[in-house]
Amino acid sequence: MLGRILQEIDKMGYPSVGTGCGLEDAGITDRYDAAAYGFEEARNRILEIIRSHSSDGWTYCGDGKNLPEEPGDGLRDMDELEEYIVMIEDAEVPAVLEYAGDGEWYRDGVFYSVIAWQPLPSPYRPQKAMGDDYKNRIMDRFLRME
């Protein structure tokens, strides 16, 4: 996700139309105040971009933008596609679908209209079992309590 945010920030560009209008409206004539104003405007735009990508891990894609990486060229079998947690348009709960590329989301021969996605979490890894000695010490402490 960070890569996408940085790409969007990189694409911001300099706003050549209307440059200086905010300075005039705010009555700013000092060059240092103008620099501070420009910095604040850029900062606010960058924060807006970051917030647009950080809604509890969800990435909005209902406009056909911000899609996952396209599957590799060698993938021909739909069973080899990467899975994502998605919100299907008009659904109330998330689902797990595969991303087929070109904005197409797939599961069991059916394509769905997806409005947001996020990567699957890491699989659960149970903690290593505690030794019997440790368990016995805990039980002894518990049984000694009155």
# chains A, B, ... in the order shown; residues from 1 in each chain; ligands from 1
$ residues_around --residues "Pro121 in chain A" --least-positions-apart "3" --cutoff "9 Å" --atoms "only C-alpha atoms" --output "list in words"
Ile85, Gln118 and Tyr124 of chain A
$ residues_around --residues "Asp10 in chain A" --least-positions-apart "3" --cutoff "12 Å" --atoms "only C-alpha atoms" --output "list in words"
Gly3, Arg4, Ile5, Leu6, Gln7, Gly13, Tyr14, Ala42, Arg45, Ile46 and Ile49 of chain A
$ write_last_selection --atoms "N, CA and C atoms" --output "mmCIF file, in the first residue's frame"
data_model
loop_
_atom_site.group_PDB
_atom_site.id
_atom_site.type_symbol
_atom_site.label_atom_id
_atom_site.label_comp_id
_atom_site.auth_asym_id
_atom_site.auth_seq_id
_atom_site.Cartn_x
_atom_site.Cartn_y
_atom_site.Cartn_z
ATOM 1 N N GLY A 3 3.634 1.742 -1.458
ATOM 2 C CA GLY A 3 4.066 1.999 -2.834
ATOM 3 C C GLY A 3 3.021 2.767 -3.619
ATOM 4 N N ARG A 4 1.763 2.412 -3.444
ATOM 5 C CA ARG A 4 0.672 3.105 -4.147
ATOM 6 C C ARG A 4 0.542 4.554 -3.667
ATOM 7 N N ILE A 5 0.682 4.758 -2.371
ATOM 8 C CA ILE A 5 0.602 6.113 -1.822
ATOM 9 C C ILE A 5 1.726 6.969 -2.388
ATOM 10 N N LEU A 6 2.941 6.420 -2.387
ATOM 11 C CA LEU A 6 4.083 7.175 -2.903
ATOM 12 C C LEU A 6 3.931 7.475 -4.388
ATOM 13 N N GLN A 7 3.377 6.543 -5.154
ATOM 14 C CA GLN A 7 3.141 6.794 -6.584
ATOM 15 C C GLN A 7 2.155 7.937 -6.775
ATOM 16 N N GLY A 13 2.212 16.580 -8.923
ATOM 17 C CA GLY A 13 2.595 17.662 -9.822
ATOM 18 C C GLY A 13 2.341 19.048 -9.231
ATOM 19 N N TYR A 14 2.809 20.029 -9.949
ATOM 20 C CA TYR A 14 2.668 21.421 -9.526
ATOM 21 C C TYR A 14 1.370 21.975 -10.100
ATOM 22 N N ALA A 42 0.529 21.702 0.378
ATOM 23 C CA ALA A 42 1.097 20.425 -0.076
ATOM 24 C C ALA A 42 0.931 19.352 0.998
ATOM 25 N N ARG A 45 -2.620 18.122 1.079
ATOM 26 C CA ARG A 45 -2.922 17.255 -0.066
ATOM 27 C C ARG A 45 -2.323 15.865 0.135
ATOM 28 N N ILE A 46 -1.113 15.800 0.667
ATOM 29 C CA ILE A 46 -0.468 14.509 0.926
ATOM 30 C C ILE A 46 -1.239 13.738 2.000
ATOM 31 N N ILE A 49 -4.258 12.193 0.467
ATOM 32 C CA ILE A 49 -3.917 10.984 -0.296
ATOM 33 C C ILE A 49 -3.714 9.805 0.652
#
$ residues_around --residues "range 31-40 of chain A" --least-positions-apart "3" --cutoff "12 Å" --atoms "only C-alpha atoms" --output "mmCIF file with C-alpha atoms, in the first residue's frame"
data_model
loop_
_atom_site.group_PDB
_atom_site.id
_atom_site.type_symbol
_atom_site.label_atom_id
_atom_site.label_comp_id
_atom_site.auth_asym_id
_atom_site.auth_seq_id
_atom_site.Cartn_x
_atom_site.Cartn_y
_atom_site.Cartn_z
ATOM 1 C CA TYR A 14 2.668 21.421 -9.526
ATOM 2 C CA PRO A 15 -0.758 23.101 -9.766
ATOM 3 C CA THR A 19 -1.385 29.238 -8.358
ATOM 4 C CA GLY A 20 -1.288 32.146 -5.948
ATOM 5 C CA CYS A 21 -5.066 32.516 -5.649
ATOM 6 C CA GLY A 22 -4.990 31.231 -2.088
ATOM 7 C CA LEU A 23 -2.271 33.729 -1.214
ATOM 8 C CA GLU A 24 -4.309 36.611 -2.530
ATOM 9 C CA ASP A 25 -7.468 35.393 -0.799
ATOM 10 C CA ALA A 26 -5.606 35.093 2.500
ATOM 11 C CA GLY A 27 -3.917 38.470 2.027
ATOM 12 C CA ILE A 28 -0.426 36.947 2.180
ATOM 13 C CA ARG A 43 1.051 18.799 3.363
ATOM 14 C CA ASN A 44 -2.754 18.796 3.417
ATOM 15 C CA ARG A 45 -2.922 17.255 -0.066
ATOM 16 C CA ILE A 46 -0.468 14.509 0.926
ATOM 17 C CA LEU A 47 -2.459 13.763 4.096
#
$ closest_residue --among "A:Asp30, A:Glu82, A:Glu89, A:Glu41" --to "Glu70 in chain A" --atoms "only C-alpha atoms"
A:Glu82
$ select_by_dssp --residues "range 5-61 of chain A" --states "strand (DSSP E or B)" --output "number ranges by chain"
A: 55, 58-60
$ closest_residue --among "A:Ile9, A:Ile115, A:Ser122, A:Cys61" --to "Glu92 in chain A" --atoms "only C-alpha atoms"
A:Ile115
$ atom_distance --atom1 "CA of Tyr106 in chain A" --atom2 "CA of Ile50 in chain A"
28.4 Å
$ select_by_dssp --residues "range 19-116 of chain A" --states "alpha helix (DSSP H)" --output "list in words"
Cys21, Gly22, Leu23, Glu24, Asp25, Ala26, Arg31, Tyr32, Asp33, Ala34, Ala35, Ala36, Tyr37, Gly38, Phe39, Glu40, Glu41, Ala42, Arg43, Asn44, Arg45, Ile46, Leu47, Glu48, Ile49, Ile50, Arg51, Ser52 and His53 of chain A
$ write_last_selection --atoms "N, CA and C atoms" --output "PDB file, in the first residue's frame"
ATOM      1  N   CYS A  21      -3.725  32.048  -6.016  1.00  0.00           N
ATOM      2  CA  CYS A  21      -5.066  32.516  -5.649  1.00  0.00           C
ATOM      3  C   CYS A  21      -5.286  32.450  -4.148  1.00  0.00           C
ATOM      4  N   GLY A  22      -4.830  31.371  -3.528  1.00  0.00           N
ATOM      5  CA  GLY A  22      -4.990  31.231  -2.088  1.00  0.00           C
ATOM      6  C   GLY A  22      -4.220  32.287  -1.329  1.00  0.00           C
ATOM      7  N   LEU A  23      -3.067  32.679  -1.858  1.00  0.00           N
ATOM      8  CA  LEU A  23      -2.271  33.729  -1.214  1.00  0.00           C
ATOM      9  C   LEU A  23      -3.021  35.049  -1.240  1.00  0.00           C
ATOM     10  N   GLU A  24      -3.565  35.360  -2.395  1.00  0.00           N
ATOM     11  CA  GLU A  24      -4.309  36.611  -2.530  1.00  0.00           C
ATOM     12  C   GLU A  24      -5.530  36.607  -1.632  1.00  0.00           C
ATOM     13  N   ASP A  25      -6.259  35.492  -1.629  1.00  0.00           N
ATOM     14  CA  ASP A  25      -7.468  35.393  -0.799  1.00  0.00           C
ATOM     15  C   ASP A  25      -7.145  35.539   0.682  1.00  0.00           C
ATOM     16  N   ALA A  26      -6.005  35.026   1.088  1.00  0.00           N
ATOM     17  CA  ALA A  26      -5.606  35.093   2.500  1.00  0.00           C
ATOM     18  C   ALA A  26      -4.860  36.383   2.826  1.00  0.00           C
ATOM     19  N   ARG A  31       7.022  36.746   1.505  1.00  0.00           N
ATOM     20  CA  ARG A  31       7.473  35.526   0.825  1.00  0.00           C
ATOM     21  C   ARG A  31       7.627  34.348   1.779  1.00  0.00           C
ATOM     22  N   TYR A  32       8.012  34.601   3.036  1.00  0.00           N
ATOM     23  CA  TYR A  32       8.149  33.506   3.993  1.00  0.00           C
ATOM     24  C   TYR A  32       6.771  32.957   4.374  1.00  0.00           C
ATOM     25  N   ASP A  33       5.816  33.846   4.536  1.00  0.00           N
ATOM     26  CA  ASP A  33       4.446  33.409   4.795  1.00  0.00           C
ATOM     27  C   ASP A  33       3.895  32.647   3.595  1.00  0.00           C
ATOM     28  N   ALA A  34       4.261  33.091   2.384  1.00  0.00           N
ATOM     29  CA  ALA A  34       3.819  32.405   1.168  1.00  0.00           C
ATOM     30  C   ALA A  34       4.409  30.998   1.100  1.00  0.00           C
ATOM     31  N   ALA A  35       5.687  30.859   1.487  1.00  0.00           N
ATOM     32  CA  ALA A  35       6.324  29.535   1.492  1.00  0.00           C
ATOM     33  C   ALA A  35       5.646  28.633   2.515  1.00  0.00           C
ATOM     34  N   ALA A  36       5.357  29.158   3.689  1.00  0.00           N
ATOM     35  CA  ALA A  36       4.674  28.378   4.725  1.00  0.00           C
ATOM     36  C   ALA A  36       3.281  27.966   4.251  1.00  0.00           C
ATOM     37  N   TYR A  37       2.587  28.877   3.573  1.00  0.00           N
ATOM     38  CA  TYR A  37       1.260  28.576   3.034  1.00  0.00           C
ATOM     39  C   TYR A  37       1.349  27.447   1.996  1.00  0.00           C
ATOM     40  N   GLY A  38       2.308  27.523   1.093  1.00  0.00           N
ATOM     41  CA  GLY A  38       2.498  26.491   0.081  1.00  0.00           C
ATOM     42  C   GLY A  38       2.822  25.143   0.696  1.00  0.00           C
ATOM     43  N   PHE A  39       3.662  25.181   1.735  1.00  0.00           N
ATOM     44  CA  PHE A  39       4.004  23.950   2.438  1.00  0.00           C
ATOM     45  C   PHE A  39       2.757  23.325   3.052  1.00  0.00           C
ATOM     46  N   GLU A  40       1.933  24.134   3.711  1.00  0.00           N
ATOM     47  CA  GLU A  40       0.702  23.635   4.343  1.00  0.00           C
ATOM     48  C   GLU A  40      -0.254  23.051   3.310  1.00  0.00           C
ATOM     49  N   GLU A  41      -0.379  23.712   2.167  1.00  0.00           N
ATOM     50  CA  GLU A  41      -1.254  23.204   1.102  1.00  0.00           C
ATOM     51  C   GLU A  41      -0.770  21.840   0.609  1.00  0.00           C
ATOM     52  N   ALA A  42       0.529  21.702   0.378  1.00  0.00           N
ATOM     53  CA  ALA A  42       1.097  20.425  -0.076  1.00  0.00           C
ATOM     54  C   ALA A  42       0.931  19.352   0.998  1.00  0.00           C
ATOM     55  N   ARG A  43       1.195  19.730   2.243  1.00  0.00           N
ATOM     56  CA  ARG A  43       1.051  18.799   3.363  1.00  0.00           C
ATOM     57  C   ARG A  43      -0.383  18.292   3.448  1.00  0.00           C
ATOM     58  N   ASN A  44      -1.346  19.184   3.334  1.00  0.00           N
ATOM     59  CA  ASN A  44      -2.754  18.796   3.417  1.00  0.00           C
ATOM     60  C   ASN A  44      -3.143  17.855   2.271  1.00  0.00           C
ATOM     61  N   ARG A  45      -2.620  18.122   1.079  1.00  0.00           N
ATOM     62  CA  ARG A  45      -2.922  17.255  -0.066  1.00  0.00           C
ATOM     63  C   ARG A  45      -2.323  15.865   0.135  1.00  0.00           C
ATOM     64  N   ILE A  46      -1.113  15.800   0.667  1.00  0.00           N
ATOM     65  CA  ILE A  46      -0.468  14.509   0.926  1.00  0.00           C
ATOM     66  C   ILE A  46      -1.239  13.738   2.000  1.00  0.00           C
ATOM     67  N   LEU A  47      -1.663  14.426   3.060  1.00  0.00           N
ATOM     68  CA  LEU A  47      -2.459  13.763   4.096  1.00  0.00           C
ATOM     69  C   LEU A  47      -3.774  13.242   3.526  1.00  0.00           C
ATOM     70  N   GLU A  48      -4.372  13.984   2.625  1.00  0.00           N
ATOM     71  CA  GLU A  48      -5.607  13.558   1.964  1.00  0.00           C
ATOM     72  C   GLU A  48      -5.376  12.268   1.171  1.00  0.00           C
ATOM     73  N   ILE A  49      -4.258  12.193   0.467  1.00  0.00           N
ATOM     74  CA  ILE A  49      -3.917  10.984  -0.296  1.00  0.00           C
ATOM     75  C   ILE A  49      -3.714   9.805   0.652  1.00  0.00           C
ATOM     76  N   ILE A  50      -2.985  10.015   1.728  1.00  0.00           N
ATOM     77  CA  ILE A  50      -2.736   8.937   2.688  1.00  0.00           C
ATOM     78  C   ILE A  50      -4.047   8.457   3.292  1.00  0.00           C
ATOM     79  N   ARG A  51      -4.904   9.383   3.710  1.00  0.00           N
ATOM     80  CA  ARG A  51      -6.194   8.999   4.311  1.00  0.00           C
ATOM     81  C   ARG A  51      -7.066   8.237   3.319  1.00  0.00           C
ATOM     82  N   SER A  52      -6.983   8.580   2.042  1.00  0.00           N
ATOM     83  CA  SER A  52      -7.805   7.894   1.045  1.00  0.00           C
ATOM     84  C   SER A  52      -7.386   6.431   0.886  1.00  0.00           C
ATOM     85  N   HIS A  53      -6.165   6.102   1.320  1.00  0.00           N
ATOM     86  CA  HIS A  53      -5.675   4.729   1.204  1.00  0.00           C
ATOM     87  C   HIS A  53      -5.726   3.983   2.528  1.00  0.00           C
TER      88      HIS A  53
END
$ residues_around --residues "Asp63 in chain A" --least-positions-apart "6" --cutoff "10 Å" --atoms "only C-alpha atoms" --output "list in words"
Gly103, Val114, Ile115 and Ala116 of chain A
$ closest_residue --among "A:Arg125, A:Val96, A:Asp140, A:Asp102" --to "Asn66 in chain A" --atoms "only C-alpha atoms"
A:Asp102
$ atom_distance --atom1 "CA of Val86 in chain A" --atom2 "CA of Trp117 in chain A"
4.2 Å
$ closest_residue --among "A:Met87, A:Gly101, A:Arg107, A:Val93" --to "Thr59 in chain A" --atoms "only C-alpha atoms"
A:Met87
$ decode --residues "range 43-72 of chain A" --atoms "N, CA and C atoms" --output "compact mmCIF listing (two decimals), in the first residue's frame"
# COMPACT_ATOMS: atom_id res chain seq x y z
N ARG A 43 1.19 19.73 2.24
CA ARG A 43 1.05 18.80 3.36
C ARG A 43 -0.38 18.29 3.45
N ASN A 44 -1.35 19.18 3.33
CA ASN A 44 -2.75 18.80 3.42
C ASN A 44 -3.14 17.86 2.27
N ARG A 45 -2.62 18.12 1.08
CA ARG A 45 -2.92 17.25 -0.07
C ARG A 45 -2.32 15.86 0.14
N ILE A 46 -1.11 15.80 0.67
CA ILE A 46 -0.47 14.51 0.93
C ILE A 46 -1.24 13.74 2.00
N LEU A 47 -1.66 14.43 3.06
CA LEU A 47 -2.46 13.76 4.10
C LEU A 47 -3.77 13.24 3.53
N GLU A 48 -4.37 13.98 2.62
CA GLU A 48 -5.61 13.56 1.96
C GLU A 48 -5.38 12.27 1.17
N ILE A 49 -4.26 12.19 0.47
CA ILE A 49 -3.92 10.98 -0.30
C ILE A 49 -3.71 9.80 0.65
N ILE A 50 -2.99 10.01 1.73
CA ILE A 50 -2.74 8.94 2.69
C ILE A 50 -4.05 8.46 3.29
N ARG A 51 -4.90 9.38 3.71
CA ARG A 51 -6.19 9.00 4.31
C ARG A 51 -7.07 8.24 3.32
N SER A 52 -6.98 8.58 2.04
CA SER A 52 -7.81 7.89 1.05
C SER A 52 -7.39 6.43 0.89
N HIS A 53 -6.16 6.10 1.32
CA HIS A 53 -5.68 4.73 1.20
C HIS A 53 -5.73 3.98 2.53
N SER A 54 -6.15 4.63 3.58
CA SER A 54 -6.08 3.97 4.88
C SER A 54 -7.42 3.99 5.60
N SER A 55 -8.33 3.20 5.13
CA SER A 55 -9.61 3.05 5.81
C SER A 55 -9.68 1.65 6.39
N ASP A 56 -9.02 1.46 7.51
CA ASP A 56 -8.97 0.17 8.20
C ASP A 56 -8.44 -0.95 7.32
N GLY A 57 -7.46 -0.64 6.50
CA GLY A 57 -6.85 -1.65 5.66
C GLY A 57 -7.53 -1.87 4.32
N TRP A 58 -8.69 -1.25 4.11
CA TRP A 58 -9.42 -1.41 2.85
C TRP A 58 -8.89 -0.44 1.81
N THR A 59 -8.81 -0.91 0.57
CA THR A 59 -8.43 -0.06 -0.56
C THR A 59 -9.63 0.04 -1.48
N TYR A 60 -10.13 1.25 -1.66
CA TYR A 60 -11.29 1.46 -2.54
C TYR A 60 -10.87 1.22 -3.99
N CYS A 61 -11.68 0.46 -4.73
CA CYS A 61 -11.38 0.18 -6.13
C CYS A 61 -12.63 0.25 -7.00
N GLY A 62 -13.71 0.81 -6.45
CA GLY A 62 -14.97 0.88 -7.18
C GLY A 62 -14.91 1.73 -8.43
N ASP A 63 -13.88 2.56 -8.54
CA ASP A 63 -13.71 3.41 -9.72
C ASP A 63 -12.75 2.79 -10.73
N GLY A 64 -12.34 1.54 -10.49
CA GLY A 64 -11.42 0.86 -11.40
C GLY A 64 -9.97 1.20 -11.17
N LYS A 65 -9.69 2.00 -10.15
CA LYS A 65 -8.31 2.36 -9.81
C LYS A 65 -7.93 1.63 -8.53
N ASN A 66 -6.66 1.72 -8.16
CA ASN A 66 -6.14 1.13 -6.91
C ASN A 66 -6.40 -0.37 -6.81
N LEU A 67 -6.20 -1.07 -7.91
CA LEU A 67 -6.38 -2.52 -7.93
C LEU A 67 -5.09 -3.22 -7.50
N PRO A 68 -5.19 -4.48 -7.08
CA PRO A 68 -3.97 -5.22 -6.75
C PRO A 68 -3.08 -5.37 -7.98
N GLU A 69 -1.87 -5.83 -7.74
CA GLU A 69 -0.96 -6.07 -8.86
C GLU A 69 -1.58 -7.09 -9.81
N GLU A 70 -1.36 -6.87 -11.09
CA GLU A 70 -1.89 -7.79 -12.10
C GLU A 70 -1.22 -9.15 -11.95
N PRO A 71 -1.97 -10.25 -12.14
CA PRO A 71 -1.36 -11.58 -12.07
C PRO A 71 -0.28 -11.72 -13.15
N GLY A 72 0.66 -12.57 -12.90
CA GLY A 72 1.74 -12.80 -13.85
C GLY A 72 1.23 -13.31 -15.19
